[in-house]
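Engineer: Sharing structure.csv below, CSV, C-alpha atoms and all ligand atoms:
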chain,number,residue,atom,x,y,z
A,1,MET,CA,-14.5,9.7,13.8
A,2,SER,CA,-11.6,8.1,12.0
A,3,VAL,CA,-11.5,4.3,11.8
A,4,ILE,CA,-7.8,4.1,12.7
A,5,GLU,CA,-5.6,6.8,14.2
A,6,THR,CA,-2.1,6.4,15.4
A,7,ARG,CA,0.0,9.3,16.8
A,8,GLU,CA,3.7,9.1,17.2
A,9,LEU,CA,3.3,5.3,17.7
A,10,SER,CA,6.5,3.5,18.6
A,11,LYS,CA,7.5,0.0,19.4
A,12,ASN,CA,10.7,-1.5,20.6
A,13,TYR,CA,11.4,-5.2,20.7
A,14,GLY,CA,14.2,-5.2,23.3
A,15,GLY,CA,16.8,-3.0,21.7
A,16,GLN,CA,15.2,-3.2,18.2
A,17,GLN,CA,13.1,-0.2,17.2
A,18,ALA,CA,10.4,-1.6,15.0
A,19,LEU,CA,8.3,1.6,14.9
A,20,LYS,CA,9.7,5.1,15.4
A,21,GLY,CA,6.8,7.6,15.9
A,22,VAL,CA,4.3,6.6,13.2
A,23,SER,CA,1.2,8.8,12.7
A,24,VAL,CA,-1.5,7.6,10.2
A,25,THR,CA,-5.2,8.3,9.9
A,26,VAL,CA,-7.7,6.0,8.1
A,27,GLU,CA,-11.2,7.2,7.3
A,28,LYS,CA,-14.3,5.0,6.9
A,29,GLY,CA,-14.7,3.4,3.5
A,30,GLN,CA,-11.0,3.8,2.5
A,31,ILE,CA,-8.6,1.2,1.3
A,32,TYR,CA,-5.4,2.3,3.1
A,33,GLY,CA,-2.2,0.7,2.0
A,34,LEU,CA,0.9,0.4,4.2
A,35,LEU,CA,3.9,-0.2,2.0
A,36,GLY,CA,7.4,-1.2,3.0
A,37,GLN,CA,10.1,-3.7,2.6
A,38,ASN,CA,10.3,-6.8,4.8
A,39,GLY,CA,11.1,-5.7,8.3
A,40,ALA,CA,9.8,-2.1,7.9
A,41,GLY,CA,7.3,-2.6,10.7
A,42,LYS,CA,4.0,-3.1,8.8
A,43,THR,CA,2.9,-6.2,10.7
A,44,THR,CA,3.9,-4.7,14.0
A,45,LEU,CA,1.6,-1.7,13.3
A,46,ILE,CA,-1.4,-4.0,12.7
A,47,LYS,CA,-0.6,-6.2,15.7
A,48,ILE,CA,-0.6,-3.1,18.0
A,49,LEU,CA,-3.9,-2.0,16.6
A,50,LEU,CA,-5.4,-5.4,17.2
A,51,GLY,CA,-3.9,-5.6,20.7
A,52,ILE,CA,-1.7,-8.6,19.8
A,53,VAL,CA,1.5,-6.6,20.5
A,54,ARG,CA,1.9,-3.8,23.1
A,55,LYS,CA,3.0,-0.4,22.0
A,56,THR,CA,6.0,1.2,23.6
A,57,GLY,CA,4.9,4.8,23.1
A,58,GLY,CA,2.5,7.1,21.4
A,59,ASN,CA,-1.2,6.5,20.8
A,60,ALA,CA,-3.4,4.2,18.7
A,61,THR,CA,-7.1,4.2,18.4
A,62,LEU,CA,-9.3,1.8,16.5
A,63,LEU,CA,-13.0,2.7,15.9
A,64,GLY,CA,-12.7,5.5,18.4
A,65,GLU,CA,-11.4,3.2,21.2
A,66,PRO,CA,-7.9,2.6,22.5
A,67,ALA,CA,-6.4,-0.1,20.3
A,68,GLY,CA,-6.5,-3.6,21.7
A,69,ILE,CA,-9.6,-3.5,24.0
A,70,PRO,CA,-11.5,-6.8,23.6
A,71,ASP,CA,-14.8,-5.1,22.7
A,72,VAL,CA,-13.3,-3.5,19.6
A,73,ARG,CA,-11.6,-6.7,18.5
A,74,ARG,CA,-15.0,-8.2,17.7
A,75,ARG,CA,-15.6,-5.4,15.2
A,76,VAL,CA,-12.6,-6.1,13.1
A,77,GLY,CA,-11.6,-8.8,10.6
A,78,TYR,CA,-8.0,-9.9,10.3
A,79,LEU,CA,-6.1,-11.9,7.8
A,80,PRO,CA,-2.7,-12.6,9.4
A,81,GLU,CA,0.4,-13.0,7.2
A,82,ASP,CA,1.6,-16.5,6.7
A,83,HIS,CA,-1.6,-18.0,8.1
A,84,GLN,CA,-2.1,-21.7,7.8
A,85,PHE,CA,-5.5,-23.5,7.6
A,86,PRO,CA,-5.6,-27.1,8.6
A,87,GLY,CA,-5.7,-29.0,5.3
A,88,TYR,CA,-8.3,-31.5,6.4
A,89,HIS,CA,-10.9,-28.8,6.7
A,90,THR,CA,-13.0,-27.9,3.7
A,91,GLY,CA,-13.6,-24.2,3.0
A,92,TYR,CA,-17.1,-24.5,4.4
A,93,SER,CA,-16.1,-26.4,7.6
A,94,MET,CA,-13.2,-23.9,8.2
A,95,LEU,CA,-15.6,-20.9,8.0
A,96,ASP,CA,-18.1,-22.8,10.2
A,97,PHE,CA,-15.4,-23.4,12.8
A,98,SER,CA,-14.1,-19.8,12.8
A,99,ALA,CA,-17.5,-18.2,12.8
A,100,THR,CA,-18.5,-20.4,15.8
A,101,MET,CA,-15.4,-19.1,17.5
A,102,TYR,CA,-16.6,-15.5,16.9
A,103,GLY,CA,-20.0,-16.4,18.4
A,104,VAL,CA,-22.0,-16.3,15.2
A,105,SER,CA,-25.2,-18.2,15.7
A,106,ARG,CA,-26.0,-21.4,13.8
A,107,ASP,CA,-28.8,-19.8,11.7
A,108,ASP,CA,-26.5,-16.9,10.8
A,109,ARG,CA,-23.7,-19.3,9.9
A,110,ARG,CA,-26.0,-21.2,7.5
A,111,ARG,CA,-26.8,-18.0,5.8
A,112,LEU,CA,-23.4,-16.2,6.0
A,113,ILE,CA,-21.1,-19.0,5.0
A,114,PRO,CA,-22.4,-19.6,1.5
A,115,GLU,CA,-22.7,-15.8,1.0
A,116,SER,CA,-19.1,-15.3,2.0
A,117,LEU,CA,-17.8,-18.2,-0.1
A,118,GLU,CA,-19.7,-16.7,-3.0
A,119,MET,CA,-18.3,-13.2,-2.3
A,120,VAL,CA,-14.7,-14.4,-2.4
A,121,GLY,CA,-15.4,-16.6,-5.4
A,122,ILE,CA,-14.6,-20.0,-4.0
A,123,ALA,CA,-18.2,-21.3,-3.7
A,124,PRO,CA,-17.6,-24.1,-6.2
A,125,ALA,CA,-14.8,-25.5,-4.0
A,126,ALA,CA,-16.7,-25.0,-0.7
A,127,HIS,CA,-16.8,-28.7,0.1
A,128,LYS,CA,-13.3,-29.6,-1.2
A,129,LYS,CA,-10.5,-30.1,1.2
A,130,ILE,CA,-8.3,-27.0,1.7
A,131,LYS,CA,-5.1,-29.0,1.1
A,132,GLY,CA,-6.2,-29.1,-2.6
A,133,TYR,CA,-6.6,-25.3,-2.7
A,134,SER,CA,-4.2,-23.0,-4.6
A,135,LYS,CA,-2.4,-20.3,-2.6
A,136,GLY,CA,-4.8,-17.8,-4.0
A,137,MET,CA,-7.9,-19.8,-3.0
A,138,LYS,CA,-6.4,-20.1,0.6
A,139,GLN,CA,-5.9,-16.4,0.8
A,140,ARG,CA,-9.4,-15.7,-0.5
A,141,LEU,CA,-10.8,-18.1,2.1
A,142,GLY,CA,-8.8,-16.1,4.6
A,143,VAL,CA,-10.5,-13.0,3.5
A,144,ALA,CA,-13.9,-14.7,3.8
A,145,GLN,CA,-13.0,-15.7,7.3
A,146,ALA,CA,-12.0,-12.1,8.1
A,147,LEU,CA,-15.3,-10.9,6.8
A,148,MET,CA,-17.8,-13.4,8.1
A,149,HIS,CA,-18.8,-11.5,11.2
A,150,ALA,CA,-19.5,-8.3,9.3
A,151,PRO,CA,-16.6,-6.3,10.8
A,152,ASP,CA,-16.3,-2.5,10.5
A,153,VAL,CA,-12.7,-2.7,9.4
A,154,ILE,CA,-10.7,-5.5,7.8
A,155,PHE,CA,-6.9,-5.9,8.2
A,156,LEU,CA,-5.2,-7.8,5.4
A,157,ASP,CA,-1.5,-8.5,6.0
A,158,GLU,CA,0.2,-9.4,2.7
A,159,PRO,CA,-3.0,-10.9,1.2
A,160,THR,CA,-1.3,-11.7,-2.1
A,161,ASP,CA,2.0,-12.9,-0.9
A,162,GLY,CA,3.0,-16.0,-2.8
A,163,VAL,CA,-0.1,-15.8,-5.0
A,164,ASP,CA,0.2,-16.1,-8.7
A,165,PRO,CA,-0.8,-13.1,-11.0
A,166,VAL,CA,-4.2,-14.5,-11.7
A,167,GLY,CA,-4.9,-15.0,-8.1
A,168,ARG,CA,-3.6,-11.6,-7.2
A,169,ARG,CA,-5.9,-10.0,-9.6
A,170,GLU,CA,-8.8,-11.9,-8.1
A,171,ILE,CA,-7.9,-10.7,-4.7
A,172,ARG,CA,-7.6,-7.2,-5.9
A,173,GLU,CA,-11.1,-7.4,-7.5
A,174,LEU,CA,-12.4,-8.8,-4.3
A,175,MET,CA,-11.0,-5.8,-2.4
A,176,ALA,CA,-12.6,-3.5,-4.8
A,177,ARG,CA,-16.0,-5.2,-4.3
A,178,LEU,CA,-15.6,-4.9,-0.5
A,179,LYS,CA,-14.8,-1.2,-0.8
A,180,ALA,CA,-17.9,-0.8,-3.0
A,181,LYS,CA,-19.9,-2.3,-0.2
A,182,GLY,CA,-18.5,0.3,2.2
A,183,HIS,CA,-15.9,-1.8,4.0
A,184,THR,CA,-12.8,-0.1,5.3
A,185,ILE,CA,-9.7,-2.0,4.5
A,186,PHE,CA,-6.2,-1.7,5.9
A,187,LEU,CA,-3.8,-3.5,3.6
A,188,ASN,CA,-0.1,-4.3,4.3
A,189,SER,CA,1.9,-5.1,1.3
A,190,HIS,CA,5.4,-5.0,-0.2
A,191,LEU,CA,3.9,-5.2,-3.7
A,192,LEU,CA,3.8,-1.8,-5.3
A,193,SER,CA,1.5,-2.5,-8.2
A,194,GLU,CA,-1.2,-3.7,-6.0
A,195,ILE,CA,-1.1,-0.7,-3.7
A,196,GLU,CA,-1.0,1.6,-6.7
A,197,MET,CA,-4.0,0.0,-8.3
A,198,ILE,CA,-6.3,-0.3,-5.4
A,199,CYS,CA,-5.5,2.1,-2.5
A,200,ASP,CA,-7.1,5.5,-1.8
A,201,ARG,CA,-4.2,6.4,0.5
A,202,VAL,CA,-0.7,5.1,1.0
A,203,ALA,CA,1.9,5.2,3.7
A,204,ILE,CA,5.4,4.2,3.1
A,205,LEU,CA,7.4,2.8,6.0
A,206,ARG,CA,11.2,2.5,6.1
A,207,LYS,CA,12.8,0.9,9.0
A,208,GLY,CA,10.0,1.9,11.3
A,209,GLU,CA,9.8,5.4,10.0
A,210,LEU,CA,6.9,6.9,8.0
A,211,VAL,CA,8.7,8.4,5.0
A,212,ARG,CA,5.7,9.3,2.8
A,213,GLU,CA,1.9,9.6,3.2
A,214,GLY,CA,-0.8,10.7,0.8
A,215,THR,CA,-3.0,9.6,-2.0
A,216,VAL,CA,-1.3,7.7,-4.9
A,217,ALA,CA,-1.9,10.8,-7.0
A,218,GLU,CA,-0.2,13.1,-4.5
A,219,LEU,CA,2.8,10.7,-4.1
A,220,THR,CA,3.4,10.3,-7.8
A,221,GLU,CA,2.9,13.9,-8.8
A,222,GLN,CA,6.1,15.3,-10.2
A,223,LYS,CA,6.1,19.0,-10.2
A,224,GLY,CA,7.8,20.7,-13.1
A,225,LEU,CA,10.0,18.0,-14.7
A,226,PHE,CA,10.0,18.1,-18.5
A,227,GLU,CA,11.8,15.9,-21.0
A,228,LEU,CA,12.9,17.7,-24.2
A,229,GLY,CA,14.6,16.6,-27.4
A,230,LEU,CA,15.9,18.5,-30.4
A,231,ALA,CA,16.4,17.4,-34.0
A,232,ALA,CA,19.3,15.1,-34.6
A,233,GLY,CA,22.7,16.8,-34.4
A,234,GLN,CA,21.5,20.0,-32.8
A,235,LYS,CA,23.2,21.3,-29.7
A,236,PHE,CA,20.9,21.8,-26.7
A,237,PRO,CA,21.2,25.3,-25.2
A,238,GLN,CA,22.0,24.0,-21.7
A,239,GLU,CA,24.2,26.9,-20.6
A,240,GLN,CA,21.6,29.6,-21.6
A,241,LEU,CA,18.8,27.7,-19.8
A,242,ARG,CA,20.9,27.3,-16.7
A,243,GLY,CA,21.6,31.0,-16.8
A,244,LEU,CA,17.9,31.6,-16.7
A,245,GLY,CA,17.5,29.5,-13.6
A,246,TYR,CA,16.4,26.1,-15.0
A,247,THR,CA,18.0,22.9,-13.9
A,248,VAL,CA,19.1,21.0,-17.0
A,249,ILE,CA,20.3,17.4,-16.9
A,250,PRO,CA,21.2,15.2,-19.9
A,251,SER,CA,19.4,11.9,-20.3
A,252,GLY,CA,20.6,10.0,-23.2
A,253,ASP,CA,19.7,11.9,-26.4
A,254,LEU,CA,17.1,13.9,-24.4
A,255,TRP,CA,17.3,16.6,-21.7
A,256,HIS,CA,15.5,16.9,-18.4
A,257,VAL,CA,14.6,20.4,-17.6
A,258,THR,CA,13.2,21.2,-14.1
A,259,ILE,CA,11.3,24.4,-13.6
A,260,LYS,CA,10.9,26.3,-10.3
A,261,ASP,CA,7.7,27.4,-8.7
A,262,GLY,CA,6.3,30.3,-10.7
A,263,GLN,CA,8.2,29.4,-13.9
A,264,THR,CA,6.6,27.8,-16.9
A,265,ILE,CA,8.3,25.7,-19.7
A,266,ASP,CA,7.1,28.3,-22.3
A,267,PRO,CA,10.3,30.5,-22.2
A,268,VAL,CA,12.4,27.3,-22.8
A,269,VAL,CA,10.4,26.4,-25.9
A,270,GLN,CA,10.6,30.1,-27.0
A,271,LEU,CA,14.4,30.2,-26.5
A,272,ILE,CA,14.8,27.0,-28.5
A,273,ALA,CA,12.7,28.4,-31.4
A,274,ASN,CA,14.5,31.7,-31.3
A,275,SER,CA,17.9,30.0,-31.4
A,276,GLY,CA,16.8,28.4,-34.7
A,277,LEU,CA,16.6,24.9,-33.1
A,278,SER,CA,13.9,22.4,-33.8
A,279,LEU,CA,12.0,20.9,-30.8
A,280,ARG,CA,11.2,17.3,-31.6
A,281,HIS,CA,10.1,16.0,-28.2
A,282,LEU,CA,8.4,17.6,-25.2
A,283,LEU,CA,6.9,15.6,-22.4
A,284,GLU,CA,5.9,16.4,-18.8
A,285,LYS,CA,7.2,13.6,-16.7
A,286,LYS,CA,5.2,11.6,-14.1
A,287,VAL,CA,6.7,9.3,-11.6
A,288,SER,CA,5.4,5.9,-10.8
A,289,LEU,CA,4.8,4.8,-7.2
A,290,GLU,CA,7.6,2.4,-7.8
A,291,ASP,CA,10.0,5.4,-8.5
A,292,VAL,CA,8.8,7.0,-5.2
A,293,PHE,CA,9.1,3.8,-3.3
A,294,MET,CA,12.6,3.1,-4.7
A,295,ALA,CA,13.7,6.6,-3.9
A,296,VAL,CA,12.4,6.7,-0.3
A,297,ALA,CA,12.0,3.2,0.9
A,298,ALA,CA,14.7,1.2,-0.6
A,299,ASP,CA,17.8,3.4,-0.1
A,300,ALA,CA,18.4,3.6,-3.8
A,301,PRO,CA,20.4,6.8,-4.3
A,302,LYS,CA,20.8,6.3,-8.1
A,303,ILE,CA,17.0,6.4,-8.6
A,304,ALA,CA,16.7,9.3,-6.2
A,305,ALA,CA,19.2,11.2,-8.3
A,306,ARG,CA,17.4,10.3,-11.5
A,307,GLN,CA,14.3,12.1,-10.1
A,308,GLY,CA,16.2,15.3,-10.8
A,309,GLY,CA,16.4,16.7,-7.3
A,310,LYS,CA,13.1,15.4,-6.0
A,311,LYS,CA,13.5,14.5,-2.3
B,401,LIG,N1,8.4,-10.6,18.2
B,401,LIG,C1,9.4,-9.9,17.8
B,401,LIG,N2,10.6,-9.9,18.5
B,401,LIG,C2,11.6,-9.2,18.1
B,401,LIG,N3,11.7,-8.5,17.0
B,401,LIG,C3,10.6,-8.5,16.2
B,401,LIG,C4,9.4,-9.2,16.5
B,401,LIG,N4,8.5,-9.0,15.6
B,401,LIG,C5,9.1,-8.2,14.6
B,401,LIG,N5,10.4,-7.9,15.0
B,401,LIG,C6,11.3,-7.0,14.3
B,401,LIG,O1,10.7,-5.7,14.1
B,401,LIG,C7,10.9,-5.3,12.8
B,401,LIG,C8,9.6,-5.0,12.0
B,401,LIG,O2,9.0,-6.3,11.8
B,401,LIG,P1,7.6,-6.4,11.1
B,401,LIG,O3,6.6,-5.6,11.8
B,401,LIG,O4,7.3,-7.9,11.0
B,401,LIG,O5,7.9,-5.9,9.7
B,401,LIG,P2,7.1,-6.1,8.3
B,401,LIG,O6,5.8,-6.6,8.5
B,401,LIG,O7,7.1,-4.8,7.6
B,401,LIG,O8,8.0,-7.1,7.5
B,401,LIG,C9,11.8,-6.3,12.1
B,401,LIG,O9,13.2,-5.8,12.3
B,401,LIG,C10,11.6,-7.5,12.9
B,401,LIG,O10,12.7,-8.3,12.9
B,402,MG,MG,4.9,-8.3,7.8
In structure tokens, how does this file's structure come out?

Structural biologist:
Amino acid sequence: MSVIETRELSKNYGGQQALKGVSVTVEKGQIYGLLGQNGAGKTTLIKILLGIVRKTGGNATLLGEPAGIPDVRRRVGYLPEDHQFPGYHTGYSMLDFSATMYGVSRDDRRRLIPESLEMVGIAPAAHKKIKGYSKGMKQRLGVAQALMHAPDVIFLDEPTDGVDPVGRREIRELMARLKAKGHTIFLNSHLLSEIEMICDRVAILRKGELVREGTVAELTEQKGLFELGLAAGQKFPQEQLRGLGYTVIPSGDLWHVTIKDGQTIDPVVQLIANSGLSLRHLLEKKVSLEDVFMAVAADAPKIAARQGGKK
């Protein structure tokens, strides 16, 4: 059974289409990243799964049950975006308050609160007022709160938004620890690096539409693009290569050569050698998740073109 499954999920706010038929599947133990610019529909998707917002069409299940039924909500943890803790609470008293709300017994709270504070790395500040916490500490306290009742799945909506690089790294390490303990994490973020570093699978949303889905390795795989360079002053045999069916695009002093399915780069190297030219540079190109994101999510035609015909 999948932890999360949406099928053709859609949501209209009045005339505004926030989700346009989104289908994603999250399996147990995964860190699943939903990536997209502000307004792409990430928060809406989480809110539908949690039953905070009603879907307009399609299907959504959480832990095998229709999304939003109260019984399931107890089995999930949630760090909302832009959440605010009252500054007069301490980390400890905040967790005590929220765990009480979740119905965690007093004995369990006594045991779980120090454990959770330790887990997220803010135990030394447990009895200090939240108003003195850094943004990163507040977010980690938020993660502790989402975790306290041992949920089967944790939703983190922009957990590192507004957090400095050190704090971001701490939150990433925390997510890795949670994954190692077998937790399933659904992460919303507009920060590429974080998704790239930590997620097992990634979905990219653009204006409510799912434009890419897969593992980071799948999304960044660039089939058949090579970068070649000749010795200074030599003329690249672009016409001959085009005649053989290769796509050849100049890139500064270098040349991008794209091969088709079934072709290899070997005949290109051969042709260069046979023409008496000297190959000085040969590199198989990879794309970063940022390239993919810029090409598909951010409407950046220049970058899409630079990818040499990759959709
Ligand atoms: N309560 C709401 N009422 C009307 N429109 C909304 C509401 N919540 C979100 N939207 C709109 O839906 C779209 C998706 O928003 P959201 O899910 O918050 O995106 P993200 O989390 O990716 O930034 C945006 O255009 C936003 O303005
Ligand atoms: Mg959001």

Engineer: Which residues are near ligand LIG 401 (chain B) - at most 7 Å, using only C-alpha atoms and all ligand atoms? Format: as a list of chain:residue names.

Structural biologist: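 Listed by chain and ascending number, the contacts are A:Tyr13, A:Gln16, A:Gln17, A:Ala18, A:Gly36, A:Gln37, A:Asn38, A:Gly39, A:Ala40, A:Gly41, A:Lys42, A:Thr43, A:Thr44, A:Leu45, A:Gly208.
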
Engineer: Write the selection just made, keeping C-alpha atoms, as a JSON list (two decimals), in the frame of the given file?

Structural biologist:
[["chain", "number", "residue", "atom", "x", "y", "z"],
["A", 13, "TYR", "CA", 11.40, -5.20, 20.70],
["A", 16, "GLN", "CA", 15.20, -3.20, 18.20],
["A", 17, "GLN", "CA", 13.10, -0.20, 17.20],
["A", 18, "ALA", "CA", 10.40, -1.60, 15.00],
["A", 36, "GLY", "CA", 7.40, -1.20, 3.00],
["A", 37, "GLN", "CA", 10.10, -3.70, 2.60],
["A", 38, "ASN", "CA", 10.30, -6.80, 4.80],
["A", 39, "GLY", "CA", 11.10, -5.70, 8.30],
["A", 40, "ALA", "CA", 9.80, -2.10, 7.90],
["A", 41, "GLY", "CA", 7.30, -2.60, 10.70],
["A", 42, "LYS", "CA", 4.00, -3.10, 8.80],
["A", 43, "THR", "CA", 2.90, -6.20, 10.70],
["A", 44, "THR", "CA", 3.90, -4.70, 14.00],
["A", 45, "LEU", "CA", 1.60, -1.70, 13.30],
["A", 208, "GLY", "CA", 10.00, 1.90, 11.30]]

Engineer: Would you mind reading off the distance between CA of Leu34 (chain A) and CA of Ala203 (chain A), one decimal, in Å?

Structural biologist: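 Computing it gives 4.9 Å between the two atoms.
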
Engineer: Mind giving me the straight-line distance from CA of Leu219 (chain A) to CA of Phe293 (chain A) in Å, one decimal?

Structural biologist: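 Answer for the CA of Leu219 (chain A) to CA of Phe293 (chain A) separation: 9.4 Å.
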
Engineer: If I take CA of Met1 (chain A) and CA of Leu63 (chain A), how far is one from the other in Å, to one decimal?

Structural biologist: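 Distance between the two atoms: 7.5 Å.
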
Engineer: Write out as a ChimeraX atom specification each polymer residue whose atoms come within 10 Å of region 151-156 of chain A, counting all atoms listed in the file; drop sequence neighbours fewer than 4 positions from it.

Structural biologist: /A:3-4,28-33,43,46-47,49-50,62-63,72-81,139,142-143,146-147,160,175,178,182-189

Engineer: Using all atoms listed in the file, which of the listed residues (A:Lys138, A:Lys179, A:Arg54, A:Lys235) sits closest to Gly276 (chain A)?

Structural biologist: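 With all atoms listed in the file as the atom set, the closest residue is A:Lys235.
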
Engineer: Tell me which protein, DNA and RNA residues are within 10 Å of region 266-271 of chain A, counting only C-alpha atoms, leaving out same-chain ones fewer than 6 positions away, and put them as a PDB file with C-alpha atoms, keeping the file's coordinate frame.

Structural biologist:
ATOM      1  CA  LEU A 228      12.900  17.700 -24.200  1.00  0.00           C
ATOM      2  CA  PRO A 237      21.200  25.300 -25.200  1.00  0.00           C
ATOM      3  CA  GLN A 240      21.600  29.600 -21.600  1.00  0.00           C
ATOM      4  CA  LEU A 241      18.800  27.700 -19.800  1.00  0.00           C
ATOM      5  CA  LEU A 244      17.900  31.600 -16.700  1.00  0.00           C
ATOM      6  CA  TYR A 246      16.400  26.100 -15.000  1.00  0.00           C
ATOM      7  CA  VAL A 257      14.600  20.400 -17.600  1.00  0.00           C
ATOM      8  CA  ILE A 259      11.300  24.400 -13.600  1.00  0.00           C
ATOM      9  CA  LEU A 277      16.600  24.900 -33.100  1.00  0.00           C
ATOM     10  CA  SER A 278      13.900  22.400 -33.800  1.00  0.00           C
ATOM     11  CA  LEU A 279      12.000  20.900 -30.800  1.00  0.00           C
ATOM     12  CA  LEU A 282       8.400  17.600 -25.200  1.00  0.00           C
TER      13      LEU A 282
END

Engineer: Which is closer to Ala150 (chain A) than all the others in A:Asn59, A:Phe97, A:Leu112, A:Glu8, using only C-alpha atoms?

Structural biologist: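 Closest to Ala150 (chain A), using only C-alpha atoms: A:Leu112.
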
Engineer: Of the residues A:Asp161, A:Arg109, A:Leu141, A:Val26, which is the one nearest to ligand MG 402 (chain B), using all atoms listed in the file?

Structural biologist: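 Of A:Asp161, A:Arg109, A:Leu141, A:Val26, the one nearest ligand MG 402 (chain B) is A:Asp161, counting all atoms listed in the file.
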
Engineer: Skipping near chain neighbours, those fewer than 2 positions away, what residues fall within 7 Å of Tyr92 (chain A) using all atoms listed in the file, listed as a short mmCIF file (atom, residue, chain, number, x, y, z; two decimals) with C-alpha atoms, keeping the file's coordinate frame?

Structural biologist:
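Listed below is the output, result.cif:
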data_model
loop_
_atom_site.label_atom_id
_atom_site.label_comp_id
_atom_site.auth_asym_id
_atom_site.auth_seq_id
_atom_site.Cartn_x
_atom_site.Cartn_y
_atom_site.Cartn_z
CA THR A 90 -13.00 -27.90 3.70
CA MET A 94 -13.20 -23.90 8.20
CA LEU A 95 -15.60 -20.90 8.00
CA ASP A 96 -18.10 -22.80 10.20
CA ILE A 113 -21.10 -19.00 5.00
CA ALA A 126 -16.70 -25.00 -0.70
CA HIS A 127 -16.80 -28.70 0.10
#

Engineer: Show which residues sit within 6 Å of Thr258 (chain A), as a list in words. Count only C-alpha atoms, and ignore same-chain residues fewer than 2 positions away.

Structural biologist: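 Here the answer would be Gly224, Leu225, Tyr246 and Thr247 of chain A.
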
Engineer: Determine the nearest neighbour of ligand MG 402 (chain B) from the options A:Gly64, A:Pro159, A:Gly132, A:Gly58, counting all atoms listed in the file.

Structural biologist: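 Using all atoms listed in the file, ligand MG 402 (chain B) sits closest to A:Pro159.
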
Engineer: Which of these, A:Asp291, A:Glu115, A:Glu158, A:Glu218, has the shortest distance to ligand MG 402 (chain B) once you count only C-alpha atoms and all ligand atoms?

Structural biologist: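 Once distances to ligand MG 402 (chain B) are computed over only C-alpha atoms and all ligand atoms, the minimum belongs to A:Glu158.
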
Engineer: Which one is closest to ligand MG 402 (chain B): A:Leu191, A:Thr100, A:Arg111, A:Asn12? Count only C-alpha atoms and all ligand atoms.

Structural biologist: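 Of A:Leu191, A:Thr100, A:Arg111, A:Asn12, the one nearest ligand MG 402 (chain B), counting only C-alpha atoms and all ligand atoms, is A:Leu191.
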
Engineer: Taking 4 positions as the minimum chain separation for residues in the same chain, which residues sit within 8 Å of Ala123 (chain A) when counting all atoms listed in the file? Answer as an MDAnalysis selection string.

Structural biologist: chainID A and resid 114 117:118
